[in-house]
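Asker: I'd like to ask some things about the structure below.
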Amino acid sequence: MTKKEQQRHVIERDSLESLFDVLRHKGFDIVGPTVEDNAICYSSIDSSKDLPVGWTDVQSEGKYRIKKRQDNALFGYVVGPTSWKKFLFPPRIKLWEAKKSQKDFDIVENTDEVPSYAFLSVRACELQAIAIQDKIFLKGDHIDPIYKKRREKTLIIAVNCTEPKGTCFCVSMNTGPRASFGFDLSLTEIIEDEKHYFVVEVGSSKGEKILKDVSHRPVESSEIEQQNKLLEKAEREMGRVMDTQNIKELLYKNMEHPQWGDVAKRCLSCANCTLVCPTCFCSNVEDVTDLTGDHAQRVRTWDSCFTAEHSYIHGGNIRSSIKSRYRQWMTHKLASWQDQFDSSGCVGCGRCITWCPVGIDITKEVKAIEDIPPADVERE
Ligand code: SF4
Ligand code: SF4
């Protein structure tokens with residue numbers, strides 16, 4: 001066994017509940033996958049009974065279904081419509097409020113207490129998405145205090161994907177299926193014959209302290225072999241492939257490619273793809289008042305480059321057509337993001353493909369631009 005392998009441990013299925021007990025005892029709000037509205041969503045959970053025990057998901061372009069498995073796996077599915085950004089970068093949050101006093105308005109900052117989250121079942125692509133949002137919100141000239149407060153208190157328990165689904169392409173984006181950084185603990189679920197256990201890897205001292213209090217035992221070499229076998233199989237079974245070689249140059253030199261017009265005929269500009277995407281970070285700020293006019297609030301909400309108002313600059317909208325909005329989204333995600341943040345803005349999670357109501361597939365749109373020679377089209 002290598003040194004890294006020696007640092008692995010095993011938690012038996014029957015002992016997993018003690019992980020929940022330890023997290024609760026240490027004051028964490030546990031957030032993890034659970035069945036909600038016929039989908040596997042991230043929400044508050046209390047015990048392993050709240051996990052989607054015995055459920056899996058089936059995903060394809062514009063289609064998502066959950067179905068029963070043949071076993072009682074706890075993590076036998078991939079990512080659903082929610083992502084962790086919902087907790088670190090909430091969809092709607094009050095920034096401050098104004099209350100009418102005798103002569104003026106008193107401004108009250110939002111000092112709401114932020115829970116210490118323990119995220120359970122963060123997949124490898126999602127670790128990369130969190131790392132991307134860390135860079136956006138924490139590492140530039142302007143640090144986002146809302147994100148910072150939440151992120152600093154968050155514990156991350158990753159789960160390795162052993163069964164990728166039809167819209168996954170993390171291998172193409174070099175983000176999965178194995179969690180290799182950014183976690184406190186990671187688990188690989190293994191069910192073989194009568195055995196059901198989790199191979200655990202420790203990623204931080206915080207994770208090590210949690211594991212100390214959870215019932216566990218040393219890993220056996222055969223269990224590491226089984227873990228490696230499952231992860232290698234997962235790598236081979238990706239639902240999609242995206243050719244990322246020279247993708248930045250490809251998109252930059254094809255701003256007038258006819259494919260943008262083709263996708264615009266199908267795209268509804270509904271913004272679903274940006275809302276489910278774990279890396280999209282656009283927001284808007286709104287002021288709202290109550291009917292008496294005595295209270296006002298300034299709130300931050302998620303926004304999307306697919307909305308007509310998003311690119312409104314005094315006197316007009318600079319991306320008034322769906323064609324220009326789709327091109328902006330995809331070119332930013334896969335090309336200009338690299339110039340801006342030194343990485344791709346896509347982690348290959350497949351959510352934008354599954355949750356697009358008309359089944360537009362970002363991997364196929366890239367392929368079409370690669371394959372179809374550009375024709376002369378009018379510049380907008
Ligand atoms: S662009 Fe699509 S596949 Fe890429 S990270 Fe966003 S939702 Fe996932
Ligand atoms: S690509 Fe699909 S999900 Fe995105 S805005 Fe267009 S129709 Fe909506």
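By convention in this document, the chains of the structure tokens carry letters A, B, ... by their order, each chain's residues are numbered from 1, and ligands are numbered from 1 in the order they are shown.
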Write out as a ChimeraX atom specification the set of residues from range 28-264 of chain A that DSSP, computed on the backbone, places in strand (DSSP E).
Answerer: /A:29-36,39-44,55-60,63-68,92-100,105-109,117-122,155-159,185-192,195-202,217-218
Asker: Tell me which protein, DNA and RNA residues are within 9 Å of Asn272 in chain A, counting only C-alpha atoms, leaving out same-chain ones fewer than 2 positions away, and put them as a list in words.
Answerer: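 Non-adjacent residues within range: Ser269, Cys270, Thr274, Leu275, Val276, Cys277, Ser304, Phe306, Cys352, Trp355, Cys356 and Pro357 of chain A.
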Asker: Within 7 Å of Ile11 in chain A, counting only C-alpha atoms, which residues show up once you throw out same-chain ones fewer than 4 positions away? Write them as a list in words, please.
Answerer: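 Contacts, with the query itself left out: Ser15, Leu16, Tyr197, Phe198, Val199, Val200, Ser215, His216 and Arg217 of chain A.
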Asker: Next, the residues of the selection above should be written as an mmCIF file, in the first residue's frame with N, CA and C atoms.
Answerer:
```cif
data_model
loop_
_atom_site.group_PDB
_atom_site.id
_atom_site.type_symbol
_atom_site.label_atom_id
_atom_site.label_comp_id
_atom_site.auth_asym_id
_atom_site.auth_seq_id
_atom_site.Cartn_x
_atom_site.Cartn_y
_atom_site.Cartn_z
ATOM 1 N N SER A 15 -22.339 1.944 10.662
ATOM 2 C CA SER A 15 -21.735 2.977 11.523
ATOM 3 C C SER A 15 -21.912 4.378 10.944
ATOM 4 N N LEU A 16 -22.491 4.459 9.744
ATOM 5 C CA LEU A 16 -22.559 5.792 9.107
ATOM 6 C C LEU A 16 -23.398 6.782 9.922
ATOM 7 N N TYR A 197 -19.992 -0.810 2.620
ATOM 8 C CA TYR A 197 -19.084 0.023 3.419
ATOM 9 C C TYR A 197 -18.637 1.240 2.617
ATOM 10 N N PHE A 198 -17.936 2.146 3.301
ATOM 11 C CA PHE A 198 -17.450 3.380 2.665
ATOM 12 C C PHE A 198 -15.952 3.490 2.894
ATOM 13 N N VAL A 199 -15.187 3.609 1.811
ATOM 14 C CA VAL A 199 -13.756 3.887 1.947
ATOM 15 C C VAL A 199 -13.645 5.398 2.176
ATOM 16 N N VAL A 200 -12.941 5.758 3.254
ATOM 17 C CA VAL A 200 -12.860 7.172 3.646
ATOM 18 C C VAL A 200 -11.452 7.688 3.429
ATOM 19 N N SER A 215 -17.057 5.806 14.314
ATOM 20 C CA SER A 215 -16.566 4.431 14.356
ATOM 21 C C SER A 215 -16.011 4.029 12.974
ATOM 22 N N HIS A 216 -14.716 3.657 12.928
ATOM 23 C CA HIS A 216 -14.106 3.268 11.653
ATOM 24 C C HIS A 216 -12.985 2.267 11.902
ATOM 25 N N ARG A 217 -12.489 1.684 10.831
ATOM 26 C CA ARG A 217 -11.417 0.680 10.949
ATOM 27 C C ARG A 217 -10.436 0.874 9.798
#
```
Asker: Per DSSP on the backbone, what are the helix (DSSP H, G or I) residues of range 191-246 of chain A, as a compact mmCIF listing (two decimals) with all heavy atoms, in the first residue's frame?
Answerer:
```txt
# COMPACT_ATOMS: atom_id res chain seq x y z
N SER A 205 -7.25 18.61 8.47
CA SER A 205 -7.21 18.30 9.91
C SER A 205 -8.62 18.38 10.49
O SER A 205 -8.97 17.65 11.41
CB SER A 205 -6.26 19.25 10.63
OG SER A 205 -6.58 20.56 10.29
N LYS A 206 -9.45 19.25 9.91
CA LYS A 206 -10.86 19.34 10.36
C LYS A 206 -11.55 17.98 10.14
O LYS A 206 -12.25 17.47 11.01
CB LYS A 206 -11.56 20.42 9.52
CG LYS A 206 -12.46 21.31 10.31
CD LYS A 206 -12.76 22.65 9.66
CE LYS A 206 -13.55 22.73 8.41
NZ LYS A 206 -14.10 23.96 7.96
N GLY A 207 -11.28 17.40 8.97
CA GLY A 207 -11.87 16.11 8.63
C GLY A 207 -11.33 15.01 9.55
O GLY A 207 -12.07 14.12 9.99
N GLU A 208 -10.04 15.09 9.84
CA GLU A 208 -9.41 14.08 10.70
C GLU A 208 -10.06 14.08 12.09
O GLU A 208 -10.35 13.02 12.66
CB GLU A 208 -7.92 14.42 10.81
CG GLU A 208 -7.10 13.28 11.34
CD GLU A 208 -5.61 13.55 11.18
OE1 GLU A 208 -5.22 14.68 10.79
OE2 GLU A 208 -4.85 12.61 11.46
N LYS A 209 -10.32 15.28 12.60
CA LYS A 209 -10.95 15.39 13.94
C LYS A 209 -12.35 14.79 13.93
O LYS A 209 -12.75 14.14 14.90
CB LYS A 209 -11.03 16.87 14.35
CG LYS A 209 -9.72 17.37 14.94
CD LYS A 209 -9.91 18.75 15.55
CE LYS A 209 -8.56 19.44 15.57
NZ LYS A 209 -8.61 20.85 15.20
N ILE A 210 -13.08 15.02 12.85
CA ILE A 210 -14.45 14.45 12.77
C ILE A 210 -14.34 12.92 12.74
O ILE A 210 -15.03 12.22 13.48
CB ILE A 210 -15.18 14.94 11.49
CG1 ILE A 210 -15.26 16.46 11.43
CG2 ILE A 210 -16.53 14.26 11.31
CD1 ILE A 210 -16.41 17.11 12.12
N LEU A 211 -13.44 12.41 11.90
CA LEU A 211 -13.34 10.96 11.73
C LEU A 211 -12.96 10.26 13.04
O LEU A 211 -13.44 9.15 13.31
CB LEU A 211 -12.33 10.62 10.62
CG LEU A 211 -12.23 9.14 10.27
CD1 LEU A 211 -13.54 8.62 9.67
CD2 LEU A 211 -11.09 8.86 9.28
N LYS A 212 -12.13 10.90 13.85
CA LYS A 212 -11.72 10.31 15.14
C LYS A 212 -12.91 9.89 15.98
O LYS A 212 -12.87 8.90 16.70
CB LYS A 212 -10.92 11.37 15.92
CG LYS A 212 -9.44 11.12 15.88
CD LYS A 212 -8.70 11.98 16.86
CE LYS A 212 -7.25 12.00 16.42
NZ LYS A 212 -6.64 13.28 16.52
N SER A 221 -6.34 -4.03 1.62
CA SER A 221 -5.90 -3.78 0.23
C SER A 221 -6.98 -4.16 -0.77
O SER A 221 -7.16 -3.50 -1.80
CB SER A 221 -4.65 -4.53 -0.16
OG SER A 221 -3.99 -5.01 0.90
N SER A 222 -7.73 -5.24 -0.49
CA SER A 222 -8.77 -5.65 -1.44
C SER A 222 -9.85 -4.57 -1.56
O SER A 222 -10.45 -4.39 -2.62
CB SER A 222 -9.41 -6.97 -0.99
OG SER A 222 -10.00 -6.77 0.27
N GLU A 223 -10.06 -3.81 -0.49
CA GLU A 223 -11.09 -2.75 -0.52
C GLU A 223 -10.59 -1.55 -1.35
O GLU A 223 -11.37 -0.91 -2.06
CB GLU A 223 -11.46 -2.34 0.91
CG GLU A 223 -12.19 -3.47 1.63
CD GLU A 223 -12.29 -3.30 3.13
OE1 GLU A 223 -11.44 -2.63 3.74
OE2 GLU A 223 -13.22 -3.89 3.72
N ILE A 224 -9.28 -1.30 -1.25
CA ILE A 224 -8.72 -0.21 -2.09
C ILE A 224 -8.80 -0.62 -3.55
O ILE A 224 -9.15 0.19 -4.42
CB ILE A 224 -7.27 0.09 -1.68
CG1 ILE A 224 -7.29 0.74 -0.30
CG2 ILE A 224 -6.57 1.01 -2.68
CD1 ILE A 224 -5.94 1.13 0.23
N GLU A 225 -8.49 -1.88 -3.81
CA GLU A 225 -8.58 -2.37 -5.21
C GLU A 225 -9.99 -2.20 -5.74
O GLU A 225 -10.20 -1.75 -6.87
CB GLU A 225 -8.24 -3.86 -5.24
CG GLU A 225 -6.80 -4.13 -5.61
CD GLU A 225 -6.45 -5.58 -5.35
OE1 GLU A 225 -7.25 -6.48 -5.71
OE2 GLU A 225 -5.38 -5.82 -4.74
N GLN A 226 -10.95 -2.55 -4.92
CA GLN A 226 -12.35 -2.43 -5.34
C GLN A 226 -12.72 -0.96 -5.59
O GLN A 226 -13.39 -0.64 -6.57
CB GLN A 226 -13.26 -3.05 -4.24
CG GLN A 226 -14.73 -3.08 -4.57
CD GLN A 226 -15.05 -3.94 -5.80
OE1 GLN A 226 -14.23 -4.71 -6.29
NE2 GLN A 226 -16.25 -3.77 -6.32
N GLN A 227 -12.24 -0.09 -4.72
CA GLN A 227 -12.50 1.35 -4.90
C GLN A 227 -11.91 1.83 -6.24
O GLN A 227 -12.59 2.50 -7.02
CB GLN A 227 -11.88 2.14 -3.74
CG GLN A 227 -12.12 3.64 -3.86
CD GLN A 227 -11.23 4.48 -2.96
OE1 GLN A 227 -10.15 4.03 -2.55
NE2 GLN A 227 -11.66 5.68 -2.65
N ASN A 228 -10.65 1.46 -6.48
CA ASN A 228 -9.99 1.90 -7.71
C ASN A 228 -10.72 1.36 -8.94
O ASN A 228 -10.89 2.05 -9.94
CB ASN A 228 -8.53 1.46 -7.73
CG ASN A 228 -7.72 2.24 -6.70
OD1 ASN A 228 -8.13 3.34 -6.31
ND2 ASN A 228 -6.61 1.70 -6.26
N LYS A 229 -11.15 0.10 -8.84
CA LYS A 229 -11.85 -0.55 -9.95
C LYS A 229 -13.14 0.23 -10.29
O LYS A 229 -13.42 0.53 -11.44
CB LYS A 229 -12.19 -1.99 -9.57
CG LYS A 229 -12.10 -2.97 -10.72
CD LYS A 229 -11.95 -4.39 -10.25
CE LYS A 229 -13.31 -4.98 -9.90
NZ LYS A 229 -13.22 -6.32 -9.33
N LEU A 230 -13.88 0.59 -9.26
CA LEU A 230 -15.15 1.30 -9.48
C LEU A 230 -14.92 2.67 -10.09
O LEU A 230 -15.64 3.12 -10.98
CB LEU A 230 -15.91 1.46 -8.15
CG LEU A 230 -16.54 0.20 -7.58
CD1 LEU A 230 -17.11 0.46 -6.19
CD2 LEU A 230 -17.66 -0.31 -8.49
N LEU A 231 -13.87 3.35 -9.62
CA LEU A 231 -13.62 4.71 -10.14
C LEU A 231 -13.07 4.68 -11.56
O LEU A 231 -13.39 5.55 -12.38
CB LEU A 231 -12.69 5.47 -9.19
CG LEU A 231 -13.38 5.86 -7.88
CD1 LEU A 231 -12.41 6.36 -6.84
CD2 LEU A 231 -14.45 6.91 -8.14
N GLU A 232 -12.28 3.65 -11.86
CA GLU A 232 -11.79 3.53 -13.24
C GLU A 232 -12.95 3.22 -14.19
O GLU A 232 -13.03 3.75 -15.29
CB GLU A 232 -10.73 2.42 -13.33
CG GLU A 232 -9.36 2.92 -12.87
CD GLU A 232 -8.46 1.79 -12.38
OE1 GLU A 232 -8.68 0.63 -12.79
OE2 GLU A 232 -7.54 2.08 -11.57
N LYS A 233 -13.87 2.38 -13.72
CA LYS A 233 -15.05 2.05 -14.53
C LYS A 233 -15.89 3.32 -14.76
O LYS A 233 -16.36 3.59 -15.86
CB LYS A 233 -15.88 0.98 -13.80
CG LYS A 233 -17.08 0.49 -14.54
CD LYS A 233 -17.67 -0.71 -13.79
CE LYS A 233 -19.15 -0.87 -13.99
NZ LYS A 233 -20.03 0.04 -13.28
N ALA A 234 -16.02 4.13 -13.72
CA ALA A 234 -16.80 5.38 -13.84
C ALA A 234 -16.17 6.29 -14.90
O ALA A 234 -16.88 6.91 -15.70
CB ALA A 234 -16.86 6.09 -12.50
N GLU A 235 -14.85 6.34 -14.92
CA GLU A 235 -14.16 7.18 -15.92
C GLU A 235 -14.51 6.76 -17.33
O GLU A 235 -14.65 7.58 -18.23
CB GLU A 235 -12.64 7.06 -15.75
CG GLU A 235 -12.08 8.12 -14.85
CD GLU A 235 -10.57 8.09 -14.83
OE1 GLU A 235 -9.96 7.98 -15.91
OE2 GLU A 235 -10.01 8.16 -13.73
N ARG A 236 -14.64 5.44 -17.50
CA ARG A 236 -14.92 4.92 -18.86
C ARG A 236 -16.37 5.10 -19.26
O ARG A 236 -16.72 4.99 -20.42
CB ARG A 236 -14.57 3.42 -18.93
CG ARG A 236 -13.08 3.11 -18.81
CD ARG A 236 -12.81 1.65 -19.16
NE ARG A 236 -13.54 0.71 -18.32
CZ ARG A 236 -13.09 0.22 -17.16
NH1 ARG A 236 -11.91 0.58 -16.69
NH2 ARG A 236 -13.81 -0.63 -16.46
```
Asker: Quick one: contact table of chain A to ligand 1, 6 Å max, nearest atom pair and distance in Å to one decimal per residue, counting only C-alpha atoms and all ligand atoms, chain and number order, as a Markdown table?
Answerer:
```
| residue | atom | partner | partner_atom_place_in_ligand_line | distance |
| --- | --- | --- | --- | --- |
| A:Val276 | CA | ligand 1 | 7 (S) | 5.9 |
| A:Cys277 | CA | ligand 1 | 7 (S) | 3.6 |
| A:Pro278 | CA | ligand 1 | 5 (S) | 5.8 |
| A:Cys346 | CA | ligand 1 | 4 (Fe) | 3.6 |
| A:Val347 | CA | ligand 1 | 5 (S) | 4.2 |
| A:Gly348 | CA | ligand 1 | 3 (S) | 4.1 |
| A:Cys349 | CA | ligand 1 | 8 (Fe) | 3.9 |
| A:Gly350 | CA | ligand 1 | 3 (S) | 3.8 |
| A:Arg351 | CA | ligand 1 | 7 (S) | 4.3 |
| A:Cys352 | CA | ligand 1 | 2 (Fe) | 4.1 |
```
Asker: Kindly compile the residues surrounding ligand 2 within 12 Å, counting only C-alpha atoms and all ligand atoms, and format them as a VMD selection string.
Answerer: chain A and resid 61 to 63 81 260 262 to 277 304 to 308 321 to 330 350 to 365
Asker: Quote the spacing between CA of Gly261 in chain A and CA of Tyr312 in chain A in Å to one decimal place.
Answerer: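 The value is 21.6 Å.
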Asker: May I ask for the distance between CA of Ser47 in chain A and CA of Thr34 in chain A, given in Å to one decimal place?
Answerer: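 We find that CA of Ser47 in chain A and CA of Thr34 in chain A lie 10.6 Å from each other.
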Asker: Please determine, counting only C-alpha atoms, which residue among A:Arg150, A:Ile107, A:Ile132, A:Glu220 has the shortest atom-to-atom distance to Lys333 in chain A.
Answerer: A:Ile132
Asker: Within 9 Å of range 244-251 of chain A, counting only C-alpha atoms, which residues show up once you throw out same-chain ones fewer than 6 positions away? Write them as a PyMOL selection string, please.
Answerer: chain A and resi 172-173+330-331+334-336+338+366+369-370
Asker: Only C-alpha atoms, please: the residues just picked out, written as an mmCIF file, in the first residue's frame.
Answerer:
```cif
data_model
loop_
_atom_site.group_PDB
_atom_site.id
_atom_site.type_symbol
_atom_site.label_atom_id
_atom_site.label_comp_id
_atom_site.auth_asym_id
_atom_site.auth_seq_id
_atom_site.Cartn_x
_atom_site.Cartn_y
_atom_site.Cartn_z
ATOM 1 C CA SER A 172 -13.400 15.861 -20.455
ATOM 2 C CA MET A 173 -13.172 18.834 -18.113
ATOM 3 C CA MET A 330 -21.281 29.670 -24.011
ATOM 4 C CA THR A 331 -18.297 31.779 -25.061
ATOM 5 C CA LEU A 334 -15.728 27.963 -22.191
ATOM 6 C CA ALA A 335 -13.425 30.681 -23.537
ATOM 7 C CA SER A 336 -13.313 34.153 -21.968
ATOM 8 C CA GLN A 338 -10.166 31.205 -19.098
ATOM 9 C CA VAL A 366 -19.302 22.955 -29.436
ATOM 10 C CA ILE A 369 -19.042 24.665 -34.376
ATOM 11 C CA GLU A 370 -16.019 22.399 -34.782
#
```
Asker: Just checking: using only C-alpha atoms, which residue out of A:Lys367, A:His257, A:Lys94, A:Lys100 ends up closest to Glu286 in chain A?
Answerer: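 Closest residue, counting only C-alpha atoms: A:Lys94.
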Asker: What does the distance between CA of Arg151 in chain A and CA of Phe183 in chain A come to in Å, to one decimal place?
Answerer: 12.5 Å
Asker: Check the smallest atom-to-atom distance from each of A:Leu138, A:Asn284, A:Ile146, A:Ala98 to Glu113 in chain A using only C-alpha atoms, then report the winner.
Answerer: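 Of A:Leu138, A:Asn284, A:Ile146, A:Ala98, the one nearest Glu113 in chain A is A:Ile146, counting only C-alpha atoms.
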Asker: May I ask which of the residues A:Gln7, A:Thr162, A:Lys103, A:Pro145 is the closest one to Ile191 in chain A, counting only C-alpha atoms?
Answerer: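 For Ile191 in chain A, the nearest of the given residues is A:Thr162.
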